[in-house]
Structures are given as C-alpha cells and as structure tokens.
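Trainee: Quick one: the structure is below, questions incoming.
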Protein chains: 2
Amino acid sequence: MTHLASLFDSGLTSDIVFSSPLLATAPSSENAPMILAGVLLSLVFIYLASKLGGELSKLVDLPPVLGELVAGVIVGVSALHLLVFPETGAVASDSVVITILQKIAGLNPESIGKVFASESEVISVLAELGVIILLFEIGLESDLRELQKVGSRAAIVAVVGVVAPFVAGTVGLMLIFGMPTIPAVFAGAALTATSIGITSKVLSELGQLKSTEGQIIVGAAVIDDILGIIVLAVVASLAKTGEVDILNLVYLIISATAFLLGSIFLGKFFNQSFVAIAEKLQTRGKLVIPALIFAFSMAFLANAIHLEAILGAFAAGLVLDETDKRRELDQQVIPIADILVPIFFVSVGARVDLSVLNPTSADNRQGLVIAAFLIVVAIIGKVITGWAVFGQEKINRLAIGIGMIPRGEVGLVFAGIGAASGVLDKPLQAAIIIMVILTTFVAPPLLRFAFKQEAGKVAENQI
Amino acid sequence: MTHLASLFDSGLTSDIVFSSPLLATAPSSENAPMILAGVLLSLVFIYLASKLGGELSKLVDLPPVLGELVAGVIVGVSALHLLVFPETGAVASDSVVITILQKIAGLNPESIGKVFASESEVISVLAELGVIILLFEIGLESDLRELQKVGSRAAIVAVVGVVAPFVAGTVGLMLIFGMPTIPAVFAGAALTATSIGITSKVLSELGQLKSTEGQIIVGAAVIDDILGIIVLAVVASLAKTGEVDILNLVYLIISATAFLLGSIFLGKFFNQSFVAIAEKLQTRGKLVIPALIFAFSMAFLANAIHLEAILGAFAAGLVLDETDKRRELDQQVIPIADILVPIFFVSVGARVDLSVLNPTSADNRQGLVIAAFLIVVAIIGKVITGWAVFGQEKINRLAIGIGMIPRGEVGLVFAGIGAASGVLDKPLQAAIIIMVILTTFVAPPLLRFAFKQEAGKVAENQI
C-alpha cells in the first residue's frame, strides 16, 4: 500500500499534496506513483526488446548482445519512441511511456516534464548500475594471474590501438579533407575509444573470455579506457583554451595507475577478511551484499578520483575472483546481471539517432563521405593491433584486433563533448556518430567469425 | 568509460555541457556522474546498515528485518543523516552523501539541489522496486490453493482488523479526548492499516510463511491492503469535501476485486504459455526476464487502475508459483531480492523522525498521551482478529492477531495525507506517527514470541 498516494494524483483529491515537513509521508514526492509507473513500463519495454532482440540474434547465430543493441535502436529515438531520453533532445510528449501515463492518469502539464525527467534519470542510473555489475562480473570471471601474464602485451595492443587511429585519422582529415587542426584532432581522438562493455560481453557469450586472446582484449580495453580518459582530457582542454593542461594530465596518469595497481595489491590482503566476514554472517544476502558493498565502494572511489566507476567495479571483481567464495558469488551475481545488464545495452541502442544516415540532408551527405574515411581508419587502426603482440606465434591476432573495434557508448561521449564545445561542425559530428554506430554493430559478428575461423589453429593456446 | 563526463563537472572544463540535440551524448544529463556517485554511496550506506542491523538482530535472536528498520532509523533523518529524503523536509545540505560529493567534486550551488533530488528519487524507486520484488517473492512462496482454503478466514481477520480499531479509535478519541469527528475519523482510519511488507518478511524469516497461520496473515494483509485503499479514499474525500464520493468507492471495490480474481483466473491459462516460452528461450536470463516482464506488467496494471503496484506483483508471484519452473525461478529471484529488499526496509526506517518522541515540546507531550491510547487500541484491535477465525480449534490465534499489528509505511501514508490536508493538528499527527513506529517495531519480536510459545501445540496444523 505504499502507493496509496496514486489515488491523489488522479484527480480524486488532487490538491492534497505530500509536503508535511514533520514526517516522512509517501515514499517520494507527489509524482512518485507516476514515476514508478513510468519506470515499470519502461522496464517492461526494455526487457521485451532485449529478449526479442537477443533471441532472434541467437537464432541466426549472432551474439545476443548485438540483437539487444539493435532492439534498443528500434524501441528508441530512431523508431518506436518507447524509450527516449531528454539528452537526445526528446521532450515528454515524444515518449510513448509518458503518453500512456497521460492517458491513464491525466497528469497535469507541470507534472509531465518532471515525471519524464525523473523516470529517464532512474532508467539511466539503472543502466549505469547494469554496466557496473557487468564489469564486476567480467572481473570475477577474469583471472588476475592470467591478466598479469598478458599485461605487457595488452598494454602494447592498447597503445597501438590509440596511437594508430589517432594519427591516421587526424592526418588524413587534415590532408585529404583540408580540415583545421583542432576538429581533426578531436575526430582523431574519438577514433581511439574502445567499448569494454560490448567487447567483453561478446567475448563472454563466445566463451572466449578466459582464452589468452580474450584476456589480452579485456586487459587492453581496460588500459584503453584509462588512455581514453587522458586523451579526452587533453583534447577537451585543447578545444577550450588552445593549450594542454599538463598538471591535470600528470594527475590523471598517476591516479589511474595508482588506483589499479593499489587495488590489486591491497586486494590480496582484503581477500582474507572478505571470506572471514562472509563466513560469519548468518542472514540473507550474506555473500552478495558484502561483495556489492566492496564493488560499489570501489566504483565510487574510481568515480571520485575522476576515473570511471566501471574501472572500480572491474578491479573489485578481479580481487574477489581470488577468494574461495568465487564460484558461489558468481552464481548469485548471474541473476542480478541478467536483470540489470540488458537495461544498459538497450539504452545504448535507444540513444542512437539513425537520422544522421538520411542522405537527403546535405550535411549528412558530406558527413557520409567523411564517415566512410573514418570507418576505414577506425577498423584498420584497431585490427593491426593484433599484429603488435609479440611473443606467441599461434595467437589469434585477427580476433584481438577485431575485439578492439567497437567504440560504443565511449565514442558517443567524445562526439557529444565535441558537439557541445562547438569544435565539430554538423557533417563531422554526423560522421563520428556513423563511425561509432558502424564499428559497434559490426564488431560482434566479426569477432564471432574471427574466433570460429581460427578456432582449430589456436586451441592449444587457450586455457 | 561511460563517465568521462565526470571530468567536466569537476571544474576542468565546466562550461562544456552535454546538450547537443543532434545525438545521444553522455548517458544522462551533465550531473549524471554525480548522481551515480551519490546513488553508489547511498547504496553502500544502506547495505552496511542493513547487514549490521540484520546480523546484530539475529545475534540477539530477533527477526533481522527489525534490525534493518532500526539501522535505517540510525542512518536516517533521526540520527546520522547518511540517508535523508526531501519529503521529510531535508535539504541537500542535510545529506552526508551530498556533503561528501561536495567535498570531492566541488559541485556548484545549482547542481547540489538537483543532484540531491535525483539521487533521492533513484533510491526511492529502488526501494519501491524492492518491495515489489519482495511481494513477488512472497507470492511465489505462497500457495494459491492454500490461500483459497484460508480465504474466507483471512477475509474475516481483515474485516475485523479494520472495523475494530477504526470504531474503537474514533469513538475513543471523541469521547475520551473530546475530539471533533473528522480528525477522529482520520486517526481511526490510520489505525486500520497493516504493513504487508513487514509482516510477510518476518513470517518468511521465521519459516512460518507456509503455515496455516502464515497464509491467513498474508491473505488478510492483502485484503487489508485493498480495504485500506478504500478507507483512505473515503476519509480523504470526507476530509476534503465533508462528504463521501460513492461513485469512486464503488469503482475501487469493483476494480480491486476484479483485478485479484481476474489475474488468478487468467493466470491458470497464462501458466502454460509462460513455461512454453521460458523453455524455448536460449539466451541468458531466459527464466527471470520473462518472469519480471510479467511481474512488472502486473504491478504497472495494478498501479494504473489505482490499486497498489505491490498487489500486482503479489498476484504475479501467486500465478507463477503454479508452474513447473517455480523452484528454479525462486532460486534466481533470491539474490535479486537480497540486493533490492534491504533498500526498502532501510529507507522506511530512515524516513522515521524520532524527534516526535521528544517530551520537551508541549505538542509532543500532548501527543504522547494520545499516542498511548492509540497504541493500546492499535494492538488490541488487531490482536483480537485471531479470535475472529472460526473453524479450526488448534490454530495459533495469538500469532495471527500479532501478525496484523505492524502499520509500517502504510500508517505513515495515512498520517502524511492527514497532515497535508490540514485535518490533523500537531499533537494528533505526532500521536499517529508514534503509534506507527511502535506497532512496527514491536510486532517482529512479538510475532517470533507467539510462534515459539505455541509451536508445539499447533504443529499438526502446519503444512
């Protein structure tokens, strides 16, 4: 009966509002029942989309996550408008969820905007929690010793995968398209990103997460994530002031390195106390709650020192992977990931605006030409990273290179910052977005192909 | 790297905002990284409180949920301010979470309020999802046939538990305290509530959910929830216009009955298709995602027809309990409940403002006297319901009566609406809140006592 308040938003006694300062009244503001209704309906749409997309994708032998992304595009701003977000320029009346609520409850005009904003906020945070849990799970499934073994090779893959597309993209845009330096640098920077979420999910679906190639890709994607934070800081500062903030750069490099090494080092001591605590607890959630306290604390810490929350969650997973409770914990994290992770992938798809592909707009046509160039650089610049790996001869170099291709949500962040700072003109913005979309959607099937192709040849290298 | 944006909120390039209408940029607004950080930190506090409280409670042989509620009070508005909500009158500067974010990130004054509001909104919705999952789980653990068997007895318990405290409370306040009719009726109405969440959680912790007594209590609490909606509609309309809206009353009674009976009836057909669908799916979450689609749809539907979302979730659980997948589903819902349900109980505790117990204020002193009367009526009025059960002689009547005692969040909703509508003066408001707090906190240990006391005598009645 927590939503008795719904009676009062429906016109029955609509001037009674919950604002008594004396006490905790309804669980939230006067719009709370409508916000909850909006979140429930959005989740139903998200889950339906993720299952339909994932299953269809699986049926035609493609990675399920690709289907979830495509289903996200279909329910999102590009088509059905079942799931839209204010940041894509959508307003409340664009949202089918809000339209349905409106029909049912007759919201007043002031409430509509608030309900839309709050409902979108909640779904966005749930999506963030989804990718945090995903990276925690990937950390749990990764082997720290194996990662340390591939560490230097992963670092080379990451560095080559940042330098090659950046140089080729920037120089190409300046020489071929006669672009000024700053926008060219920005577009080059957008080419450096790798979506660790999409790549690691595909690897996990292919059962390749624990292969040497899989661990090199995950390790490289983590390092790429850190490099990406640094590159973005540099280009954003360049775009804003025309110069680079060296002090901030040094701070970022030191804090990122200290965080990852520090958490792994301290984790070895923490492991023992975690198991000891979990074994003493007697109430429900005795394993999963302490694990989440650790994961969320690390995610918060990473966020607080201007790194990414997902890096903290990944480090937490790596640390807990070393404990005896690993298998039991893994088992319990699965259903939690199952309900949160699809929210992330469907949301990523839903935010993609396919209208940039429409060739009837002049900006888009010019953008499509630049996009063709960026896509070539984006793919070649990452695929060659596989051949930067030294040592082992029988490694699946193609798979490693392809694993680094998807730009995903990370590429969209670059494009968004560039657009907002006024550095990128419309055609270049559109070109970057098209590059991001294409690299994201092409990588999962290609990765599957690469692993199948060389499955026999490299079997002896796998763990 | 979804939170690259955090760099830009930290003063580095703070005038670059994410507002490009062309494309989906950052996963949310410019405050998104801070909102996520706030949610992560709040969740860490909530989980720490729930585990500390739950485990300590278990150590002294009390139900863990009582410890979670008390821990919520300690971290909430009454003491530590680690978890505060705008609806209790708290502002951003009251929140320790916001103060920490402020110190770390140097939020600008405009952002602070927005981050506080959004972060609280997200935690409130997570708490709501928690009680929805709890009732879904209770539904899964309840047996529909057993509930039907106890149906008429549960109905009698519910009706007596509404009528007795309402009449005794209203008449008592008018005769003993000389109170006018409308506030007396409102206070009487607040006495009718039963918190299904708290009661069913305690039953589950005591392993008594499937006993005849447990099923009567759950059934009666569900019916009480529906009666509560009707009672509230009546008194709110009375408070507002001085008369009762008969049409709305009839609508509520019909829709509630139709919803519960209809969902159970249709559920028998839906069962088969659910199992058939779940067996065809091949991707991750193949059981839990369809189950949540069903549960959230039912919760949305219940909400949409002005019932409570938790009633829909309970009905969905009852329906799926009848399938072959029941056991497997139950297993997967446990970790999900483990991470969401504590958010609800800690939040309920955190919203309780203990300052109404301070006897140095004159209003509170008067309130304490009225509270003493209300508490007596609240407890006796519910305890006698056990003796309203006909039929079986060896049933644990005391346990049934005690099971109906906790008013929990439901009582707070009544008090809040009364306060906001101006019907209740300060002493009466305080008295109702004290009654709610006391009945909520006293019921779990009493219930445990009642079941232990008569455990031997009624063993033969248990399933």
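For the structure tokens, the naming scheme is as follows: chains receive sequential letters (A, B, ...) according to their order of presentation, residues are indexed from 1 within each chain, and ligands are indexed from 1 in presentation order.
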Which residues come within 12 Å of Thr99 of chain B, counting only C-alpha atoms, excluding same-chain residues fewer than 5 positions away, as a PyMOL selection string?

Mentor: chain B and resi 34+38+41+81-83+91-94+104-107+109+112-113+115-116

Trainee: Of the candidates B:Glu68, B:Asp245, B:Asp224, B:Glu87, which shows the shortest atom-to-atom distance to chain A, using only C-alpha atoms?

Mentor: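 Closest to chain A of all the choices is B:Glu87.
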
Trainee: Skipping near chain neighbours, those fewer than 3 positions away, what residues fall within 12 Å of Val84 of chain B using only C-alpha atoms, listed as a compact mmCIF listing (two decimals) with all heavy atoms, in the first residue's frame?

Mentor:
# COMPACT_ATOMS: atom_id res chain seq x y z
N LEU A 23 7.05 14.92 8.94
CA LEU A 23 7.23 13.48 8.90
C LEU A 23 7.46 12.97 7.48
O LEU A 23 7.20 13.63 6.51
CB LEU A 23 5.99 12.81 9.46
CG LEU A 23 4.71 13.11 8.68
CD1 LEU A 23 4.08 11.82 8.24
CD2 LEU A 23 3.75 13.89 9.53
N ALA A 24 7.95 11.76 7.45
CA ALA A 24 8.10 11.07 6.18
C ALA A 24 6.73 10.60 5.74
O ALA A 24 6.10 9.80 6.42
CB ALA A 24 9.01 9.87 6.36
N PRO A 27 6.49 7.54 0.02
CA PRO A 27 7.89 7.22 -0.20
C PRO A 27 8.63 8.24 -1.06
O PRO A 27 9.82 8.21 -1.13
CB PRO A 27 7.82 5.86 -0.91
CG PRO A 27 6.54 5.29 -0.46
CD PRO A 27 5.61 6.46 -0.33
N SER A 28 7.94 9.09 -1.76
CA SER A 28 8.66 10.10 -2.52
C SER A 28 7.74 11.29 -2.74
O SER A 28 6.77 11.48 -2.03
CB SER A 28 9.15 9.53 -3.83
OG SER A 28 9.99 10.45 -4.44
N GLY B 38 26.39 9.60 -6.04
CA GLY B 38 25.50 9.71 -4.88
C GLY B 38 24.74 8.42 -4.64
O GLY B 38 24.59 7.96 -3.50
N SER B 42 25.07 6.04 -1.41
CA SER B 42 23.87 5.74 -0.63
C SER B 42 23.67 4.23 -0.51
O SER B 42 23.32 3.72 0.56
CB SER B 42 22.63 6.35 -1.29
OG SER B 42 22.76 7.73 -1.41
N PHE B 45 26.00 2.80 2.05
CA PHE B 45 25.50 3.06 3.41
C PHE B 45 24.30 2.15 3.73
O PHE B 45 24.21 1.60 4.83
CB PHE B 45 25.08 4.52 3.56
CG PHE B 45 26.25 5.49 3.57
CD1 PHE B 45 26.11 6.78 3.09
CD2 PHE B 45 27.49 5.12 4.07
CE1 PHE B 45 27.18 7.68 3.10
CE2 PHE B 45 28.56 6.00 4.09
CZ PHE B 45 28.40 7.28 3.60
N ILE B 46 23.38 2.02 2.78
CA ILE B 46 22.19 1.19 3.01
C ILE B 46 22.59 -0.26 3.27
O ILE B 46 22.10 -0.90 4.22
CB ILE B 46 21.23 1.28 1.80
CG1 ILE B 46 20.57 2.66 1.75
CG2 ILE B 46 20.18 0.17 1.84
CD1 ILE B 46 19.77 2.91 0.49
N GLY B 72 18.05 1.57 9.78
CA GLY B 72 17.55 2.65 8.91
C GLY B 72 17.30 3.91 9.71
O GLY B 72 17.65 5.02 9.28
N VAL B 73 16.69 3.75 10.89
CA VAL B 73 16.45 4.92 11.74
C VAL B 73 17.78 5.59 12.10
O VAL B 73 17.90 6.82 12.07
CB VAL B 73 15.69 4.52 13.03
CG1 VAL B 73 15.58 5.70 13.98
CG2 VAL B 73 14.31 3.98 12.69
N ILE B 74 18.79 4.77 12.38
CA ILE B 74 20.09 5.33 12.80
C ILE B 74 20.78 6.07 11.66
O ILE B 74 21.34 7.15 11.85
CB ILE B 74 20.99 4.20 13.37
CG1 ILE B 74 20.37 3.70 14.68
CG2 ILE B 74 22.41 4.71 13.62
CD1 ILE B 74 21.00 2.44 15.22
N VAL B 75 20.74 5.53 10.44
CA VAL B 75 21.40 6.23 9.34
C VAL B 75 20.53 7.35 8.77
O VAL B 75 20.98 8.13 7.95
CB VAL B 75 21.81 5.29 8.18
CG1 VAL B 75 22.82 4.26 8.66
CG2 VAL B 75 20.61 4.61 7.54
N GLY B 76 19.27 7.41 9.21
CA GLY B 76 18.32 8.32 8.58
C GLY B 76 18.24 9.70 9.20
O GLY B 76 19.18 10.16 9.86
N VAL B 77 17.07 10.31 9.03
CA VAL B 77 16.87 11.71 9.42
C VAL B 77 16.95 11.92 10.93
O VAL B 77 17.25 13.01 11.40
CB VAL B 77 15.51 12.21 8.85
CG1 VAL B 77 14.34 11.49 9.51
CG2 VAL B 77 15.36 13.70 8.98
N SER B 78 16.73 10.85 11.70
CA SER B 78 16.74 10.99 13.16
C SER B 78 18.14 11.06 13.76
O SER B 78 18.31 11.55 14.86
CB SER B 78 16.01 9.81 13.82
OG SER B 78 14.65 9.84 13.47
N ALA B 79 19.16 10.51 13.06
CA ALA B 79 20.48 10.48 13.68
C ALA B 79 21.60 10.86 12.71
O ALA B 79 21.97 12.02 12.61
CB ALA B 79 20.74 9.11 14.30
N LEU B 80 22.14 9.90 11.98
CA LEU B 80 23.39 10.15 11.25
C LEU B 80 23.24 10.94 9.94
O LEU B 80 24.23 11.39 9.38
CB LEU B 80 24.08 8.80 10.95
CG LEU B 80 24.50 7.98 12.17
CD1 LEU B 80 25.20 6.69 11.72
CD2 LEU B 80 25.43 8.79 13.07
N HIS B 81 22.03 11.03 9.41
CA HIS B 81 21.81 11.77 8.15
C HIS B 81 22.59 11.21 6.97
O HIS B 81 22.91 11.92 6.03
CB HIS B 81 22.16 13.26 8.31
CG HIS B 81 21.12 14.02 9.07
ND1 HIS B 81 21.08 14.04 10.44
CD2 HIS B 81 20.09 14.78 8.66
CE1 HIS B 81 20.08 14.77 10.84
NE2 HIS B 81 19.46 15.23 9.78
N GLU B 87 11.31 14.56 1.09
CA GLU B 87 9.94 14.56 1.61
C GLU B 87 9.89 14.69 3.12
O GLU B 87 8.85 15.00 3.68
CB GLU B 87 9.19 13.29 1.22
CG GLU B 87 9.26 12.92 -0.21
CD GLU B 87 10.48 12.07 -0.46
OE1 GLU B 87 10.51 10.93 -0.04
OE2 GLU B 87 11.43 12.60 -1.07
N THR B 88 10.99 14.37 3.81
CA THR B 88 10.98 14.53 5.26
C THR B 88 11.37 15.95 5.64
O THR B 88 11.61 16.24 6.81
CB THR B 88 11.96 13.56 5.95
OG1 THR B 88 13.28 13.85 5.47
CG2 THR B 88 11.62 12.13 5.64
N GLY B 89 11.48 16.82 4.64
CA GLY B 89 11.83 18.21 4.91
C GLY B 89 13.33 18.46 4.83
O GLY B 89 13.79 19.58 5.04
N ALA B 90 14.10 17.41 4.54
CA ALA B 90 15.55 17.56 4.46
C ALA B 90 15.93 18.33 3.19
O ALA B 90 15.27 18.20 2.16
CB ALA B 90 16.22 16.20 4.44
N VAL B 91 16.95 19.15 3.29
CA VAL B 91 17.50 19.79 2.09
C VAL B 91 18.89 19.20 1.82
O VAL B 91 19.41 18.43 2.63
CB VAL B 91 17.58 21.33 2.24
CG1 VAL B 91 16.18 21.91 2.32
CG2 VAL B 91 18.39 21.70 3.47
N ALA B 92 19.46 19.58 0.67
CA ALA B 92 20.71 18.96 0.23
C ALA B 92 21.80 19.03 1.29
O ALA B 92 22.54 18.07 1.51
CB ALA B 92 21.18 19.61 -1.06
N SER B 93 21.87 20.17 2.01
CA SER B 93 22.97 20.33 2.96
C SER B 93 22.82 19.42 4.19
O SER B 93 23.77 19.24 4.94
CB SER B 93 23.07 21.79 3.41
OG SER B 93 21.83 22.19 3.96
N ASP B 94 21.61 18.85 4.39
CA ASP B 94 21.42 17.90 5.50
C ASP B 94 22.02 16.53 5.17
O ASP B 94 22.20 15.70 6.07
CB ASP B 94 19.92 17.68 5.77
CG ASP B 94 19.24 18.96 6.25
OD1 ASP B 94 19.96 19.78 6.86
OD2 ASP B 94 18.04 19.12 6.00
N SER B 95 22.26 16.27 3.90
CA SER B 95 22.66 14.94 3.48
C SER B 95 24.16 14.77 3.53
O SER B 95 24.91 15.52 2.92
CB SER B 95 22.15 14.69 2.05
OG SER B 95 22.87 13.65 1.45
N VAL B 96 24.60 13.76 4.28
CA VAL B 96 26.04 13.48 4.38
C VAL B 96 26.59 13.08 3.01
O VAL B 96 27.70 13.45 2.64
CB VAL B 96 26.31 12.38 5.43
CG1 VAL B 96 27.76 11.95 5.39
CG2 VAL B 96 25.93 12.87 6.81
N VAL B 97 25.77 12.32 2.25
CA VAL B 97 26.20 11.90 0.92
C VAL B 97 26.52 13.12 0.05
O VAL B 97 27.57 13.18 -0.60
CB VAL B 97 25.10 11.04 0.25
CG1 VAL B 97 25.38 10.85 -1.24
CG2 VAL B 97 24.99 9.69 0.95
N ILE B 98 25.62 14.09 0.06
CA ILE B 98 25.83 15.29 -0.76
C ILE B 98 27.05 16.08 -0.24
O ILE B 98 27.84 16.60 -1.04
CB ILE B 98 24.57 16.17 -0.75
CG1 ILE B 98 23.40 15.42 -1.39
CG2 ILE B 98 24.81 17.50 -1.47
CD1 ILE B 98 23.55 15.14 -2.88
N PHE B 116 20.84 16.14 -5.34
CA PHE B 116 20.17 15.60 -4.16
C PHE B 116 18.79 15.06 -4.53
O PHE B 116 18.43 13.92 -4.18
CB PHE B 116 20.05 16.68 -3.08
CG PHE B 116 19.33 16.22 -1.84
CD1 PHE B 116 19.76 15.10 -1.14
CD2 PHE B 116 18.23 16.92 -1.36
CE1 PHE B 116 19.10 14.68 0.01
CE2 PHE B 116 17.56 16.50 -0.22
CZ PHE B 116 18.00 15.37 0.47
N ALA B 117 18.03 15.86 -5.27
CA ALA B 117 16.67 15.43 -5.65
C ALA B 117 16.72 14.16 -6.50
O ALA B 117 15.99 13.21 -6.24
CB ALA B 117 15.96 16.55 -6.40
N GLU B 119 19.17 11.92 -6.86
CA GLU B 119 19.73 10.77 -6.14
C GLU B 119 18.67 10.17 -5.20
O GLU B 119 18.48 8.95 -5.15
CB GLU B 119 20.97 11.24 -5.37
CG GLU B 119 21.60 10.22 -4.47
CD GLU B 119 21.40 10.56 -3.02
OE1 GLU B 119 21.62 11.75 -2.64
OE2 GLU B 119 21.01 9.68 -2.27
N SER B 120 17.92 11.04 -4.50
CA SER B 120 16.87 10.56 -3.61
C SER B 120 15.76 9.86 -4.39
O SER B 120 15.21 8.85 -3.95
CB SER B 120 16.25 11.73 -2.83
OG SER B 120 17.23 12.44 -2.17
N GLU B 121 15.44 10.43 -5.55
CA GLU B 121 14.41 9.85 -6.41
C GLU B 121 14.80 8.43 -6.81
O GLU B 121 13.98 7.51 -6.76
CB GLU B 121 14.32 10.72 -7.68
CG GLU B 121 13.12 10.48 -8.53
CD GLU B 121 11.89 11.00 -7.83
OE1 GLU B 121 11.79 12.22 -7.67
OE2 GLU B 121 11.05 10.17 -7.44
N ILE B 123 16.92 6.36 -5.31
CA ILE B 123 16.88 5.46 -4.15
C ILE B 123 15.43 5.12 -3.80
O ILE B 123 15.11 3.97 -3.49
CB ILE B 123 17.61 6.08 -2.94
CG1 ILE B 123 19.10 6.28 -3.24
CG2 ILE B 123 17.43 5.22 -1.69
CD1 ILE B 123 19.90 5.00 -3.40
N SER B 124 14.53 6.11 -3.89
CA SER B 124 13.12 5.84 -3.60
C SER B 124 12.55 4.82 -4.57
O SER B 124 11.83 3.89 -4.16
CB SER B 124 12.30 7.13 -3.71
OG SER B 124 12.67 8.03 -2.71
N VAL B 346 15.50 -0.30 4.96
CA VAL B 346 16.35 0.76 5.49
C VAL B 346 15.73 2.13 5.19
O VAL B 346 15.74 3.03 6.04
CB VAL B 346 17.79 0.64 4.95
CG1 VAL B 346 18.64 1.83 5.37
CG2 VAL B 346 18.44 -0.66 5.43
N SER B 347 15.14 2.29 4.00
CA SER B 347 14.50 3.56 3.65
C SER B 347 13.31 3.86 4.56
O SER B 347 13.11 5.01 4.97
CB SER B 347 14.01 3.56 2.20
OG SER B 347 15.08 3.46 1.32
N VAL B 348 12.50 2.82 4.86
CA VAL B 348 11.37 3.03 5.76
C VAL B 348 11.87 3.54 7.11
O VAL B 348 11.36 4.53 7.65
CB VAL B 348 10.54 1.73 5.95
CG1 VAL B 348 9.54 1.87 7.09
CG2 VAL B 348 9.81 1.37 4.67
N GLY B 349 12.92 2.91 7.62
CA GLY B 349 13.49 3.35 8.90
C GLY B 349 14.05 4.76 8.80
O GLY B 349 13.84 5.59 9.70
N ALA B 350 14.74 5.04 7.69
CA ALA B 350 15.40 6.34 7.55
C ALA B 350 14.41 7.50 7.50
O ALA B 350 14.75 8.63 7.84
CB ALA B 350 16.26 6.34 6.28
N ARG B 351 13.17 7.22 7.08
CA ARG B 351 12.17 8.28 6.98
C ARG B 351 11.49 8.58 8.33
O ARG B 351 10.76 9.56 8.45
CB ARG B 351 11.08 7.89 5.98
CG ARG B 351 11.54 7.98 4.55
CD ARG B 351 10.51 7.34 3.64
NE ARG B 351 11.11 6.94 2.39
CZ ARG B 351 11.22 7.72 1.34
NH1 ARG B 351 10.75 8.94 1.38
NH2 ARG B 351 11.79 7.30 0.23
N VAL B 352 11.70 7.69 9.31
CA VAL B 352 11.06 7.89 10.61
C VAL B 352 11.79 9.01 11.38
O VAL B 352 13.00 8.94 11.55
CB VAL B 352 11.10 6.59 11.44
CG1 VAL B 352 10.65 6.86 12.87
CG2 VAL B 352 10.22 5.54 10.80
N ASP B 353 11.03 10.01 11.79
CA ASP B 353 11.65 11.13 12.52
C ASP B 353 11.35 10.99 14.02
O ASP B 353 10.24 11.25 14.46
CB ASP B 353 11.10 12.45 11.99
CG ASP B 353 11.87 13.63 12.56
OD1 ASP B 353 12.65 13.42 13.51
OD2 ASP B 353 11.68 14.74 12.05

Trainee: Which polymer residues have any atom within 9 Å of an atom of segment 335-339 of chain B, counting only C-alpha atoms, with same-chain residues fewer than 3 positions away left out, as a list in words?

Mentor: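 Near neighbours after the sequence-gap exclusion: Arg284, Gly285, Lys286, Val288, Ile289, Leu292, Gln332, Val333, Ile334, Pro335, Ile336 and Ile339 of chain A; Tyr47, Gly130, Val131, Ile133, Leu134, Glu137, Gln331, Gln332, Pro342 and Ile343 of chain B.
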
Trainee: Show which residues sit within 9 Å of Ile375 of chain A, as a compact mmCIF listing (two decimals) with N, CA and C atoms, in the first residue's frame. Count only C-alpha atoms, and ignore same-chain residues fewer than 6 positions away.

Mentor:
# COMPACT_ATOMS: atom_id res chain seq x y z
N LEU A 191 38.37 8.36 -32.45
CA LEU A 191 38.71 7.07 -33.04
C LEU A 191 39.46 6.15 -32.07
N ALA A 431 29.51 12.33 -39.04
CA ALA A 431 30.49 11.32 -39.47
C ALA A 431 30.98 10.51 -38.28
N ILE A 432 31.27 11.19 -37.18
CA ILE A 432 31.75 10.48 -35.99
C ILE A 432 30.67 9.52 -35.47
N ILE A 434 28.22 8.12 -37.14
CA ILE A 434 28.07 6.98 -38.05
C ILE A 434 29.20 5.98 -37.82
N MET A 435 30.42 6.51 -37.65
CA MET A 435 31.57 5.63 -37.38
C MET A 435 31.35 4.82 -36.11
N VAL A 436 30.85 5.52 -35.07
CA VAL A 436 30.59 4.83 -33.80
C VAL A 436 29.56 3.72 -33.98
N LEU A 438 28.60 2.12 -36.71
CA LEU A 438 29.03 1.02 -37.56
C LEU A 438 30.06 0.13 -36.85
N THR A 439 31.06 0.76 -36.19
CA THR A 439 32.06 -0.08 -35.51
C THR A 439 31.43 -0.90 -34.39

Trainee: Which one is closest to chain A: B:Leu144, B:Val44, B:Ile277, B:Val162? Count only C-alpha atoms.

Mentor: B:Val44

Trainee: Taking 2 positions as the minimum chain separation for residues in the same chain, which residues sit within 6 Å of Pro183 of chain A when counting only C-alpha atoms? Answer as number ranges by chain.

Mentor: A: 181, 185-186, 423-424

Trainee: With N, CA, C and O atoms kept, could you save the residues just selected as a PDB file, in the first residue's frame?

Mentor:
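Ended up saving to out_36.pdb:
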ATOM      1  N   THR A 181      43.227  22.043 -37.691  1.00  0.00           N
ATOM      2  CA  THR A 181      43.860  21.107 -36.753  1.00  0.00           C
ATOM      3  C   THR A 181      42.928  20.649 -35.632  1.00  0.00           C
ATOM      4  O   THR A 181      42.774  19.450 -35.394  1.00  0.00           O
ATOM      5  N   VAL A 185      41.917  16.897 -34.721  1.00  0.00           N
ATOM      6  CA  VAL A 185      42.441  16.232 -33.522  1.00  0.00           C
ATOM      7  C   VAL A 185      41.293  15.602 -32.726  1.00  0.00           C
ATOM      8  O   VAL A 185      41.384  14.478 -32.240  1.00  0.00           O
ATOM      9  N   PHE A 186      40.171  16.349 -32.628  1.00  0.00           N
ATOM     10  CA  PHE A 186      39.029  15.844 -31.880  1.00  0.00           C
ATOM     11  C   PHE A 186      38.474  14.568 -32.517  1.00  0.00           C
ATOM     12  O   PHE A 186      38.188  13.582 -31.835  1.00  0.00           O
ATOM     13  N   VAL A 423      33.410  22.623 -31.349  1.00  0.00           N
ATOM     14  CA  VAL A 423      34.587  22.338 -32.170  1.00  0.00           C
ATOM     15  C   VAL A 423      34.195  21.623 -33.466  1.00  0.00           C
ATOM     16  O   VAL A 423      34.775  21.852 -34.520  1.00  0.00           O
ATOM     17  N   LEU A 424      33.191  20.752 -33.378  1.00  0.00           N
ATOM     18  CA  LEU A 424      32.813  19.932 -34.529  1.00  0.00           C
ATOM     19  C   LEU A 424      31.656  20.559 -35.288  1.00  0.00           C
ATOM     20  O   LEU A 424      30.640  20.914 -34.686  1.00  0.00           O
TER      21      LEU A 424
END

Trainee: What's the 10 Å shell around Ala291 of chain A, counting only C-alpha atoms, without same-chain residues fewer than 6 positions away, as a VMD selection string?

Mentor: chain A and resid 136 274 278 285 297 316 to 317 320 329 333

Trainee: When DSSP is applied to the backbone of this structure, which of segment 175-382 of chain B are assigned helix (DSSP H, G or I)? Write them out as a PyMOL selection string.

Mentor: chain B and resi 175-176+181-190+196-205+212-241+246-280+288-304+309-320+326-351+354-357+362-382

Trainee: Restricting the calculation to only C-alpha atoms, which member of A:Leu126, A:Ala239, A:Leu48, A:Ile217 is positioned closest to Lys201 of chain A?

Mentor: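 The answer is A:Ile217, which sits nearest to Lys201 of chain A.
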
Trainee: Counting only C-alpha atoms, which residue out of A:Leu203, A:Glu128, A:Val235, A:Ala71 sits closest to Ser421 of chain A?

Mentor: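 Of all the options, A:Val235 lies closest to Ser421 of chain A.
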
Trainee: Give me, please, the distance in Å between atom CA of Leu261 of chain B and atom CA of Lys149 of chain B, quoted to one decimal.

Mentor: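 Atom-to-atom, atom CA of Leu261 of chain B to atom CA of Lys149 of chain B, that is 14.7 Å.
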